[in-house]
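*Asks:* Got target08.cif for you, mmCIF, C-alpha atoms and all ligand atoms:
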data_coords
loop_
_atom_site.group_PDB
_atom_site.id
_atom_site.type_symbol
_atom_site.label_atom_id
_atom_site.label_comp_id
_atom_site.auth_asym_id
_atom_site.auth_seq_id
_atom_site.Cartn_x
_atom_site.Cartn_y
_atom_site.Cartn_z
ATOM 1 C CA MET X 1009 17.844 13.499 -3.620
ATOM 2 C CA ALA X 1010 17.835 11.092 -6.577
ATOM 3 C CA ASN X 1011 17.239 8.139 -4.248
ATOM 4 C CA ASP X 1012 14.613 9.773 -2.056
ATOM 5 C CA PHE X 1013 12.082 7.031 -2.772
ATOM 6 C CA ILE X 1014 14.379 4.029 -2.651
ATOM 7 C CA ASP X 1015 15.837 2.445 0.448
ATOM 8 C CA PRO X 1016 19.631 2.116 0.397
ATOM 9 C CA PRO X 1017 20.763 -1.218 -1.024
ATOM 10 C CA PRO X 1018 21.214 -3.851 1.676
ATOM 11 C CA GLU X 1019 24.719 -4.440 2.969
ATOM 12 C CA GLU X 1020 26.039 -7.960 2.699
ATOM 13 C CA VAL X 1021 25.545 -9.794 5.996
ATOM 14 C CA ALA X 1022 26.730 -13.328 6.720
ATOM 15 C CA GLU X 1023 23.939 -15.889 6.455
ATOM 16 C CA ASP X 1024 24.126 -16.889 10.125
ATOM 17 C CA LYS X 1025 23.655 -13.231 11.126
ATOM 18 C CA ARG X 1026 20.538 -12.640 9.023
ATOM 19 C CA PRO X 1027 17.228 -12.091 10.822
ATOM 20 C CA LYS X 1028 15.165 -15.260 10.774
ATOM 21 C CA VAL X 1029 12.176 -14.067 12.697
ATOM 22 C CA ALA X 1030 8.834 -12.943 11.356
ATOM 23 C CA TYR X 1031 7.104 -10.840 13.996
ATOM 24 C CA PRO X 1032 7.122 -7.140 14.820
ATOM 25 C CA ASP X 1033 8.870 -7.390 18.181
ATOM 26 C CA VAL X 1034 12.053 -8.250 16.345
ATOM 27 C CA LEU X 1035 11.829 -5.622 13.595
ATOM 28 C CA ASN X 1036 15.129 -3.833 13.208
ATOM 29 C CA GLY X 1037 17.358 -2.149 10.675
ATOM 30 C CA LEU X 1038 18.572 -5.451 9.307
ATOM 31 C CA GLU X 1039 15.050 -6.541 8.467
ATOM 32 C CA GLU X 1040 14.434 -3.273 6.636
ATOM 33 C CA ALA X 1041 17.630 -3.790 4.676
ATOM 34 C CA TYR X 1042 16.416 -7.170 3.436
ATOM 35 C CA LEU X 1043 12.885 -5.926 2.712
ATOM 36 C CA PRO X 1044 13.519 -2.628 0.912
ATOM 37 C CA ILE X 1045 10.790 -0.426 -0.583
ATOM 38 C CA ARG X 1046 11.086 0.803 -4.129
ATOM 39 C CA LYS X 1047 8.852 2.203 -6.838
ATOM 40 C CA ALA X 1048 7.233 -0.485 -9.001
ATOM 41 C CA ARG X 1049 8.464 -1.367 -12.470
ATOM 42 C CA ILE X 1050 6.716 -2.777 -15.536
ATOM 43 C CA SER X 1051 8.358 -6.134 -14.831
ATOM 44 C CA ASP X 1052 6.527 -6.233 -11.460
ATOM 45 C CA VAL X 1053 3.046 -6.229 -13.013
ATOM 46 C CA GLU X 1054 2.597 -10.000 -13.090
ATOM 47 C CA ALA X 1055 3.525 -10.332 -9.402
ATOM 48 C CA LEU X 1056 1.303 -7.367 -8.515
ATOM 49 C CA LEU X 1057 -1.657 -8.971 -10.286
ATOM 50 C CA GLU X 1058 -1.149 -12.152 -8.289
ATOM 51 C CA LEU X 1059 -0.763 -10.371 -4.954
ATOM 52 C CA VAL X 1060 -3.686 -7.970 -5.337
ATOM 53 C CA ASN X 1061 -6.095 -10.365 -6.993
ATOM 54 C CA GLY X 1062 -5.365 -13.081 -4.419
ATOM 55 C CA PHE X 1063 -6.887 -10.785 -1.793
ATOM 56 C CA ALA X 1064 -9.554 -9.502 -4.197
ATOM 57 C CA SER X 1065 -10.799 -13.075 -4.662
ATOM 58 C CA GLN X 1066 -11.445 -13.110 -0.893
ATOM 59 C CA ASN X 1067 -13.369 -9.855 -1.293
ATOM 60 C CA LEU X 1068 -10.779 -7.968 0.809
ATOM 61 C CA MET X 1069 -9.890 -5.411 -1.847
ATOM 62 C CA LEU X 1070 -10.712 -4.374 -5.386
ATOM 63 C CA PRO X 1071 -9.392 -6.525 -8.226
ATOM 64 C CA ARG X 1072 -6.972 -4.934 -10.683
ATOM 65 C CA GLY X 1073 -6.335 -5.940 -14.279
ATOM 66 C CA PRO X 1074 -3.166 -5.597 -16.337
ATOM 67 C CA GLN X 1075 -4.428 -2.491 -18.142
ATOM 68 C CA TYR X 1076 -5.014 -0.634 -14.869
ATOM 69 C CA LEU X 1077 -1.615 -1.704 -13.552
ATOM 70 C CA PHE X 1078 0.310 -0.701 -16.672
ATOM 71 C CA GLU X 1079 -1.469 2.651 -16.871
ATOM 72 C CA ASN X 1080 -0.960 3.385 -13.188
ATOM 73 C CA ILE X 1081 2.351 1.641 -12.531
ATOM 74 C CA ARG X 1082 3.931 4.925 -11.428
ATOM 75 C CA ASP X 1083 1.451 5.038 -8.524
ATOM 76 C CA TYR X 1084 2.777 1.801 -7.056
ATOM 77 C CA ALA X 1085 5.468 1.085 -4.495
ATOM 78 C CA VAL X 1086 6.571 -2.435 -3.644
ATOM 79 C CA ILE X 1087 8.511 -4.195 -0.916
ATOM 80 C CA VAL X 1088 10.796 -6.956 -2.101
ATOM 81 C CA ASP X 1089 12.360 -9.786 -0.140
ATOM 82 C CA GLU X 1090 16.006 -9.759 -1.201
ATOM 83 C CA ALA X 1091 16.599 -13.019 0.659
ATOM 84 C CA ALA X 1092 13.875 -14.676 -1.478
ATOM 85 C CA GLY X 1093 15.394 -13.612 -4.801
ATOM 86 C CA GLY X 1094 13.723 -10.213 -4.951
ATOM 87 C CA GLN X 1095 10.177 -11.574 -4.689
ATOM 88 C CA ILE X 1096 7.487 -8.911 -4.288
ATOM 89 C CA VAL X 1097 5.876 -9.359 -0.885
ATOM 90 C CA ALA X 1098 3.874 -6.158 -0.492
ATOM 91 C CA CYS X 1099 2.480 -3.289 -2.500
ATOM 92 C CA GLY X 1100 0.524 -0.078 -2.136
ATOM 93 C CA SER X 1101 -0.279 2.834 -4.405
ATOM 94 C CA LEU X 1102 -0.834 6.565 -4.273
ATOM 95 C CA HIS X 1103 -3.327 7.919 -6.791
ATOM 96 C CA VAL X 1104 -3.646 11.690 -7.059
ATOM 97 C CA LEU X 1105 -7.323 12.712 -7.102
ATOM 98 C CA TRP X 1106 -7.258 16.473 -7.046
ATOM 99 C CA ASP X 1107 -5.078 19.426 -6.099
ATOM 100 C CA ASP X 1108 -5.119 18.656 -2.384
ATOM 101 C CA MET X 1109 -5.971 14.973 -2.155
ATOM 102 C CA ALA X 1110 -4.553 11.580 -3.085
ATOM 103 C CA GLU X 1111 -5.953 8.118 -2.518
ATOM 104 C CA ILE X 1112 -4.104 5.172 -1.023
ATOM 105 C CA ARG X 1113 -5.087 2.133 -3.081
ATOM 106 C CA SER X 1114 -4.102 -1.524 -3.448
ATOM 107 C CA MET X 1115 -2.513 -2.044 -0.035
ATOM 108 C CA ALA X 1116 -1.587 -5.735 -0.051
ATOM 109 C CA ILE X 1117 0.895 -7.543 2.146
ATOM 110 C CA HIS X 1118 1.563 -11.216 1.395
ATOM 111 C CA PRO X 1119 0.013 -13.326 4.202
ATOM 112 C CA ASP X 1120 3.442 -14.625 5.309
ATOM 113 C CA TYR X 1121 4.679 -11.047 5.796
ATOM 114 C CA GLN X 1122 1.744 -9.431 7.584
ATOM 115 C CA LYS X 1123 1.974 -7.896 11.075
ATOM 116 C CA ARG X 1124 5.668 -7.080 10.635
ATOM 117 C CA GLY X 1125 5.224 -3.376 10.020
ATOM 118 C CA LEU X 1126 5.394 -3.562 6.202
ATOM 119 C CA GLY X 1127 1.951 -2.016 5.752
ATOM 120 C CA ARG X 1128 2.924 0.870 7.991
ATOM 121 C CA ARG X 1129 6.209 1.352 6.107
ATOM 122 C CA LEU X 1130 4.402 1.419 2.778
ATOM 123 C CA VAL X 1131 1.852 3.980 3.938
ATOM 124 C CA GLU X 1132 4.671 6.135 5.390
ATOM 125 C CA PHE X 1133 6.500 5.892 2.059
ATOM 126 C CA LEU X 1134 3.380 6.899 0.110
ATOM 127 C CA LYS X 1135 2.730 9.684 2.618
ATOM 128 C CA GLN X 1136 6.219 11.035 2.036
ATOM 129 C CA GLU X 1137 5.673 10.866 -1.703
ATOM 130 C CA ALA X 1138 2.372 12.736 -1.307
ATOM 131 C CA GLY X 1139 4.066 15.408 0.805
ATOM 132 C CA GLN X 1140 6.698 15.922 -1.880
ATOM 133 C CA LEU X 1141 3.916 16.392 -4.445
ATOM 134 C CA GLY X 1142 2.297 19.040 -2.235
ATOM 135 C CA ILE X 1143 -0.704 16.882 -1.326
ATOM 136 C CA LYS X 1144 -2.388 17.834 1.969
ATOM 137 C CA ARG X 1145 -4.820 14.932 2.542
ATOM 138 C CA LEU X 1146 -4.734 11.205 2.063
ATOM 139 C CA PHE X 1147 -7.906 9.263 1.515
ATOM 140 C CA THR X 1148 -8.714 5.567 1.375
ATOM 141 C CA PHE X 1149 -11.689 3.285 0.922
ATOM 142 C CA THR X 1150 -11.031 0.152 2.950
ATOM 143 C CA LEU X 1151 -12.289 -2.871 4.836
ATOM 144 C CA SER X 1152 -9.205 -2.646 7.094
ATOM 145 C CA GLU X 1153 -10.429 0.222 9.220
ATOM 146 C CA ASP X 1154 -8.374 -0.791 12.274
ATOM 147 C CA PHE X 1155 -5.111 -0.857 10.323
ATOM 148 C CA PHE X 1156 -5.639 2.637 8.891
ATOM 149 C CA ALA X 1157 -6.860 3.927 12.264
ATOM 150 C CA ARG X 1158 -3.538 2.803 13.818
ATOM 151 C CA LEU X 1159 -1.819 4.942 11.191
ATOM 152 C CA GLY X 1160 -3.827 8.028 12.143
ATOM 153 C CA PHE X 1161 -6.611 7.902 9.541
ATOM 154 C CA THR X 1162 -10.096 8.801 10.716
ATOM 155 C CA ARG X 1163 -13.349 7.433 9.408
ATOM 156 C CA LYS X 1164 -15.631 9.849 7.550
ATOM 157 C CA LEU X 1165 -19.326 9.625 6.891
ATOM 158 C CA ARG X 1166 -20.193 9.228 3.237
ATOM 159 C CA ASP X 1167 -21.654 12.733 2.942
ATOM 160 C CA GLU X 1168 -18.463 14.206 4.473
ATOM 161 C CA LEU X 1169 -16.379 12.911 1.569
ATOM 162 C CA PRO X 1170 -15.606 15.134 -1.410
ATOM 163 C CA PRO X 1171 -17.219 14.100 -4.748
ATOM 164 C CA LYS X 1172 -13.829 13.349 -6.298
ATOM 165 C CA VAL X 1173 -13.433 10.189 -4.186
ATOM 166 C CA TRP X 1174 -16.391 8.492 -5.887
ATOM 167 C CA GLY X 1175 -14.714 8.473 -9.308
ATOM 168 C CA GLU X 1176 -13.889 4.750 -9.340
ATOM 169 C CA CYS X 1177 -17.195 3.595 -7.860
ATOM 170 C CA SER X 1178 -19.044 3.262 -11.148
ATOM 171 C CA ARG X 1179 -16.404 0.709 -12.246
ATOM 172 C CA CYS X 1180 -16.441 -1.151 -8.941
ATOM 173 C CA PRO X 1181 -18.047 -4.604 -8.588
ATOM 174 C CA LYS X 1182 -19.341 -3.461 -5.176
ATOM 175 C CA TYR X 1183 -21.237 -0.513 -6.661
ATOM 176 C CA PHE X 1184 -24.642 -1.664 -5.362
ATOM 177 C CA LYS X 1185 -23.434 -3.163 -2.082
ATOM 178 C CA CYS X 1186 -20.404 -1.208 -0.961
ATOM 179 C CA ASP X 1187 -19.098 -2.329 2.438
ATOM 180 C CA GLU X 1188 -15.918 -0.209 2.515
ATOM 181 C CA VAL X 1189 -15.401 2.782 4.779
ATOM 182 C CA GLY X 1190 -13.885 6.100 3.722
ATOM 183 C CA MET X 1191 -10.961 7.302 5.858
ATOM 184 C CA VAL X 1192 -8.893 10.470 5.729
ATOM 185 C CA LEU X 1193 -5.498 11.566 7.049
ATOM 186 C CA GLU X 1194 -4.394 15.202 7.058
ATOM 187 C CA ILE X 1195 -0.646 15.317 6.373
HETATM 188 C C1 LIG S 1201 -4.295 -4.693 6.162
HETATM 189 C C2 LIG S 1201 -2.813 -4.881 5.833
HETATM 190 C C3 LIG S 1201 -2.437 -3.979 4.648
HETATM 191 C C4 LIG S 1201 -1.981 -4.545 7.063
HETATM 192 O O1 LIG S 1201 -0.601 -4.681 6.750
HETATM 193 P P1 LIG S 1201 0.441 -5.228 7.837
HETATM 194 O O2 LIG S 1201 1.803 -5.150 7.241
HETATM 195 O O3 LIG S 1201 0.000 -6.553 8.330
HETATM 196 O O4 LIG S 1201 0.280 -4.143 9.005
HETATM 197 P P2 LIG S 1201 1.432 -3.586 9.960
HETATM 198 O O5 LIG S 1201 2.202 -4.727 10.530
HETATM 199 O O6 LIG S 1201 2.212 -2.534 9.268
HETATM 200 O O7 LIG S 1201 0.553 -2.949 11.106
HETATM 201 C C5 LIG S 1201 0.541 -1.558 11.412
HETATM 202 C C6 LIG S 1201 -0.349 -1.365 12.620
HETATM 203 O O8 LIG S 1201 -1.699 -1.754 12.283
HETATM 204 C C7 LIG S 1201 -2.121 -2.805 13.153
HETATM 205 N N1 LIG S 1201 -2.890 -3.747 12.338
HETATM 206 C C8 LIG S 1201 -2.501 -4.376 11.222
HETATM 207 N N2 LIG S 1201 -3.483 -5.159 10.748
HETATM 208 C C9 LIG S 1201 -4.509 -5.020 11.621
HETATM 209 C C10 LIG S 1201 -5.810 -5.555 11.692
HETATM 210 N N3 LIG S 1201 -6.265 -6.418 10.773
HETATM 211 N N4 LIG S 1201 -6.601 -5.188 12.725
HETATM 212 C C11 LIG S 1201 -6.145 -4.333 13.681
HETATM 213 N N5 LIG S 1201 -4.912 -3.751 13.647
HETATM 214 C C12 LIG S 1201 -4.126 -4.106 12.635
HETATM 215 C C13 LIG S 1201 -0.846 -3.444 13.669
HETATM 216 O O9 LIG S 1201 -1.063 -4.071 14.922
HETATM 217 C C14 LIG S 1201 0.071 -2.246 13.780
HETATM 218 O O10 LIG S 1201 -0.220 -1.496 14.931
HETATM 219 P P3 LIG S 1201 0.996 -0.931 15.820
HETATM 220 O O11 LIG S 1201 2.055 -0.440 14.868
HETATM 221 O O12 LIG S 1201 0.375 0.177 16.591
HETATM 222 O O13 LIG S 1201 1.448 -2.078 16.622
HETATM 223 C C15 LIG S 1201 -2.513 -6.380 5.494
HETATM 224 O O14 LIG S 1201 -2.991 -7.172 6.549
HETATM 225 C C16 LIG S 1201 -3.133 -6.880 4.211
HETATM 226 O O15 LIG S 1201 -2.522 -6.789 3.155
HETATM 227 N N6 LIG S 1201 -4.346 -7.448 4.290
HETATM 228 C C17 LIG S 1201 -5.016 -8.080 3.166
HETATM 229 C C18 LIG S 1201 -5.400 -7.080 2.106
HETATM 230 C C19 LIG S 1201 -6.163 -5.926 2.673
HETATM 231 O O16 LIG S 1201 -7.076 -6.096 3.462
HETATM 232 N N7 LIG S 1201 -5.746 -4.729 2.229
HETATM 233 C C20 LIG S 1201 -6.342 -3.486 2.640
HETATM 234 C C21 LIG S 1201 -7.421 -3.168 1.683
HETATM 235 S S1 LIG S 1201 -7.470 -1.468 1.378
#
Have the structure of the file written as structure tokens, please.
*Replies:*
Amino acid sequence: MANDFIDPPPEEVAEDKRPKVAYPDVLNGLEEAYLPIRKARISDVEALLELVNGFASQNLMLPRGPQYLFENIRDYAVIVDEAAGGQIVACGSLHVLWDDMAEIRSMAIHPDYQKRGLGRRLVEFLKQEAGQLGIKRLFTFTLSEDFFARLGFTRKLRDELPPKVWGECSRCPKYFKCDEVGMVLEI
């Protein structure tokens, strides 16, 4: 049980046998072994800032500062590329909102690693974590409606959303011109 949230360490595989491909039709156990998911650590904060704020500068997600990341580091899970020296290539976070609901935040997959199933793996990981906490619903505000729809989330109208989900809005740069959609998954 101690390692519930951490993939098993990768087994050593000869260099010529390592997967070299980058698209989902070749995803397999070996790829997962080289791109394990683990909970974030304080030492990941600098890489997380770069990953998240790179997308935030394109207006694809909310920016995060060091204070937010340090305070909420236990919310975050990361995927590392062992073959690239343990570089962080993806992140996502689970933020508990209330007794029955948690929010998926900060989903960010490095552009070179997108469309390989990493986003799905991260959401599944966070979903498992939510289930273990006794959470019944996942929520997200996103511009990536199609991605979350593929994972079973459904779009909700603004007045269908519980008040708790608006907590961050007053601190959001998009407060007066929000273009994100609210989506929910019952788990
Ligand atoms: C959106 C994002 C998290 C998706 O991650 P990803 O690792 O590329 O997605 P996956 O490969 O796990 O895809 C899972 C499913 O969603 C689909 N999908 C992924 N991105 C999609 C998109 N932009 N439009 C439509 N479908 C998409 C995939 O085809 C796949 O479907 P399938 O499993 O049925 O074949 C990633 O593209 C990203 O980080 N984007 C930039 C930042 C961002 O927009 N974050 C979300 C803000 S909340």
*Asks:* Using only C-alpha atoms, which protein or nucleic acid residues come within 8 Å of Ala1110 of chain X? Drop anything in the same chain fewer than 3 positions from it, and give the result as an NGL selection string.
*Replies:* :X and (1102-1106 or 1138 or 1143 or 1145-1147)
*Asks:* Given the file shown, determine the residues that the PyMOL selection byres (((not hetatm)) within 9 of (chain S and resi 1201)) selects; report them as a ChimeraX atom specification.
*Replies:* /X:1031-1032,1060,1062-1064,1067-1070,1098-1100,1112-1119,1121-1131,1148-1159,1188
*Asks:* Suppose we keep C-alpha atoms; can you now write the selection as an mmCIF file, keeping the file's coordinate frame?
*Replies:*
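The new file again17.cif reads:
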data_model
loop_
_atom_site.group_PDB
_atom_site.id
_atom_site.type_symbol
_atom_site.label_atom_id
_atom_site.label_comp_id
_atom_site.auth_asym_id
_atom_site.auth_seq_id
_atom_site.Cartn_x
_atom_site.Cartn_y
_atom_site.Cartn_z
ATOM 1 C CA TYR X 1031 7.104 -10.840 13.996
ATOM 2 C CA PRO X 1032 7.122 -7.140 14.820
ATOM 3 C CA VAL X 1060 -3.686 -7.970 -5.337
ATOM 4 C CA GLY X 1062 -5.365 -13.081 -4.419
ATOM 5 C CA PHE X 1063 -6.887 -10.785 -1.793
ATOM 6 C CA ALA X 1064 -9.554 -9.502 -4.197
ATOM 7 C CA ASN X 1067 -13.369 -9.855 -1.293
ATOM 8 C CA LEU X 1068 -10.779 -7.968 0.809
ATOM 9 C CA MET X 1069 -9.890 -5.411 -1.847
ATOM 10 C CA LEU X 1070 -10.712 -4.374 -5.386
ATOM 11 C CA ALA X 1098 3.874 -6.158 -0.492
ATOM 12 C CA CYS X 1099 2.480 -3.289 -2.500
ATOM 13 C CA GLY X 1100 0.524 -0.078 -2.136
ATOM 14 C CA ILE X 1112 -4.104 5.172 -1.023
ATOM 15 C CA ARG X 1113 -5.087 2.133 -3.081
ATOM 16 C CA SER X 1114 -4.102 -1.524 -3.448
ATOM 17 C CA MET X 1115 -2.513 -2.044 -0.035
ATOM 18 C CA ALA X 1116 -1.587 -5.735 -0.051
ATOM 19 C CA ILE X 1117 0.895 -7.543 2.146
ATOM 20 C CA HIS X 1118 1.563 -11.216 1.395
ATOM 21 C CA PRO X 1119 0.013 -13.326 4.202
ATOM 22 C CA TYR X 1121 4.679 -11.047 5.796
ATOM 23 C CA GLN X 1122 1.744 -9.431 7.584
ATOM 24 C CA LYS X 1123 1.974 -7.896 11.075
ATOM 25 C CA ARG X 1124 5.668 -7.080 10.635
ATOM 26 C CA GLY X 1125 5.224 -3.376 10.020
ATOM 27 C CA LEU X 1126 5.394 -3.562 6.202
ATOM 28 C CA GLY X 1127 1.951 -2.016 5.752
ATOM 29 C CA ARG X 1128 2.924 0.870 7.991
ATOM 30 C CA ARG X 1129 6.209 1.352 6.107
ATOM 31 C CA LEU X 1130 4.402 1.419 2.778
ATOM 32 C CA VAL X 1131 1.852 3.980 3.938
ATOM 33 C CA THR X 1148 -8.714 5.567 1.375
ATOM 34 C CA PHE X 1149 -11.689 3.285 0.922
ATOM 35 C CA THR X 1150 -11.031 0.152 2.950
ATOM 36 C CA LEU X 1151 -12.289 -2.871 4.836
ATOM 37 C CA SER X 1152 -9.205 -2.646 7.094
ATOM 38 C CA GLU X 1153 -10.429 0.222 9.220
ATOM 39 C CA ASP X 1154 -8.374 -0.791 12.274
ATOM 40 C CA PHE X 1155 -5.111 -0.857 10.323
ATOM 41 C CA PHE X 1156 -5.639 2.637 8.891
ATOM 42 C CA ALA X 1157 -6.860 3.927 12.264
ATOM 43 C CA ARG X 1158 -3.538 2.803 13.818
ATOM 44 C CA LEU X 1159 -1.819 4.942 11.191
ATOM 45 C CA GLU X 1188 -15.918 -0.209 2.515
#
*Asks:* Kindly give the distance, in Å, that separates atom CA of Gly1139 of chain X and atom CA of Glu1040 of chain X, rounded to a single decimal.
*Replies:*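 Interatomic distance here is 22.1 Å.
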*Asks:* Please report the interatomic distance between atom CA of Arg1082 of chain X and atom CA of Ile1050 of chain X in Å with one decimal.
*Replies:*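 Atom CA of Arg1082 of chain X sits 9.2 Å away from atom CA of Ile1050 of chain X.
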*Asks:* Using all atoms of segment 1066-1075 of chain X that appear in the file, construct an axis-aligned enclosing box with 3 Å of padding on every side and provide its centre coordinates and edge lengths in Å, rounded to one decimal, as AutoDock Vina command-line options.
*Replies:*
--center_x -8.3 --center_y -7.8 --center_z -8.7 --size_x 16.2 --size_y 16.6 --size_z 25.0
*Asks:* For the file shown, report as an MDAnalysis selection string the outcome of the PyMOL selection byres (((chain X and resi 1052) around 12) and not hetatm) at residue level.
*Replies:* chainID X and resid 1046:1051 1053:1059 1074 1077:1078 1081:1082 1084:1088 1094:1099
*Asks:* Selection from above, C-alpha atoms, as a compact mmCIF listing (two decimals), keeping the file's coordinate frame, can you write it?
*Replies:*
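Output contents, as saved in part33.txt:
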# COMPACT_ATOMS: atom_id res chain seq x y z
CA ARG X 1046 11.09 0.80 -4.13
CA LYS X 1047 8.85 2.20 -6.84
CA ALA X 1048 7.23 -0.48 -9.00
CA ARG X 1049 8.46 -1.37 -12.47
CA ILE X 1050 6.72 -2.78 -15.54
CA SER X 1051 8.36 -6.13 -14.83
CA VAL X 1053 3.05 -6.23 -13.01
CA GLU X 1054 2.60 -10.00 -13.09
CA ALA X 1055 3.52 -10.33 -9.40
CA LEU X 1056 1.30 -7.37 -8.52
CA LEU X 1057 -1.66 -8.97 -10.29
CA GLU X 1058 -1.15 -12.15 -8.29
CA LEU X 1059 -0.76 -10.37 -4.95
CA PRO X 1074 -3.17 -5.60 -16.34
CA LEU X 1077 -1.62 -1.70 -13.55
CA PHE X 1078 0.31 -0.70 -16.67
CA ILE X 1081 2.35 1.64 -12.53
CA ARG X 1082 3.93 4.92 -11.43
CA TYR X 1084 2.78 1.80 -7.06
CA ALA X 1085 5.47 1.08 -4.50
CA VAL X 1086 6.57 -2.44 -3.64
CA ILE X 1087 8.51 -4.20 -0.92
CA VAL X 1088 10.80 -6.96 -2.10
CA GLY X 1094 13.72 -10.21 -4.95
CA GLN X 1095 10.18 -11.57 -4.69
CA ILE X 1096 7.49 -8.91 -4.29
CA VAL X 1097 5.88 -9.36 -0.88
CA ALA X 1098 3.87 -6.16 -0.49
CA CYS X 1099 2.48 -3.29 -2.50
*Asks:* Would you compute the distance between atom CA of Ile1195 of chain X and atom CA of Asp1107 of chain X? Give it in Å to one decimal.
*Replies:*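 Between atom CA of Ile1195 of chain X and atom CA of Asp1107 of chain X the gap works out to 13.9 Å.
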*Asks:* Could you spell out the hits of the PyMOL selection byres (((chain X and resi 1191) around 6) and not hetatm) on the shown file, as a list in words?
*Replies:*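 That selection, the PyMOL selection byres (((chain X and resi 1191) around 6) and not hetatm), comes back as Phe1147, Thr1148, Phe1161, Thr1162, Arg1163, Lys1164, Gly1190 and Val1192 of chain X.
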*Asks:* Point out the residue among X:Val1189, X:Glu1194, X:Leu1165, X:Ser1101 with the least atom-to-atom distance to Asn1080 of chain X, counting only C-alpha atoms.
*Replies:*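 Between X:Val1189, X:Glu1194, X:Leu1165, X:Ser1101, the residue approaching Asn1080 of chain X most closely is X:Ser1101.
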*Asks:* Name the closest residue to Pro1181 of chain X among the candidates X:Ser1065, X:Met1109, X:Glu1079, X:Asp1120; distances are taken between atoms, counting all atoms listed in the file.
*Replies:*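 Nearest candidate to Pro1181 of chain X out of X:Ser1065, X:Met1109, X:Glu1079, X:Asp1120: X:Ser1065.
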*Asks:* From the list X:Gly1160, X:Pro1170, X:Gly1142, X:Gly1073, which residue is nearest Asn1061 of chain X when using all atoms listed in the file?
*Replies:*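 Among X:Gly1160, X:Pro1170, X:Gly1142, X:Gly1073, it is X:Gly1073 that comes nearest to Asn1061 of chain X.
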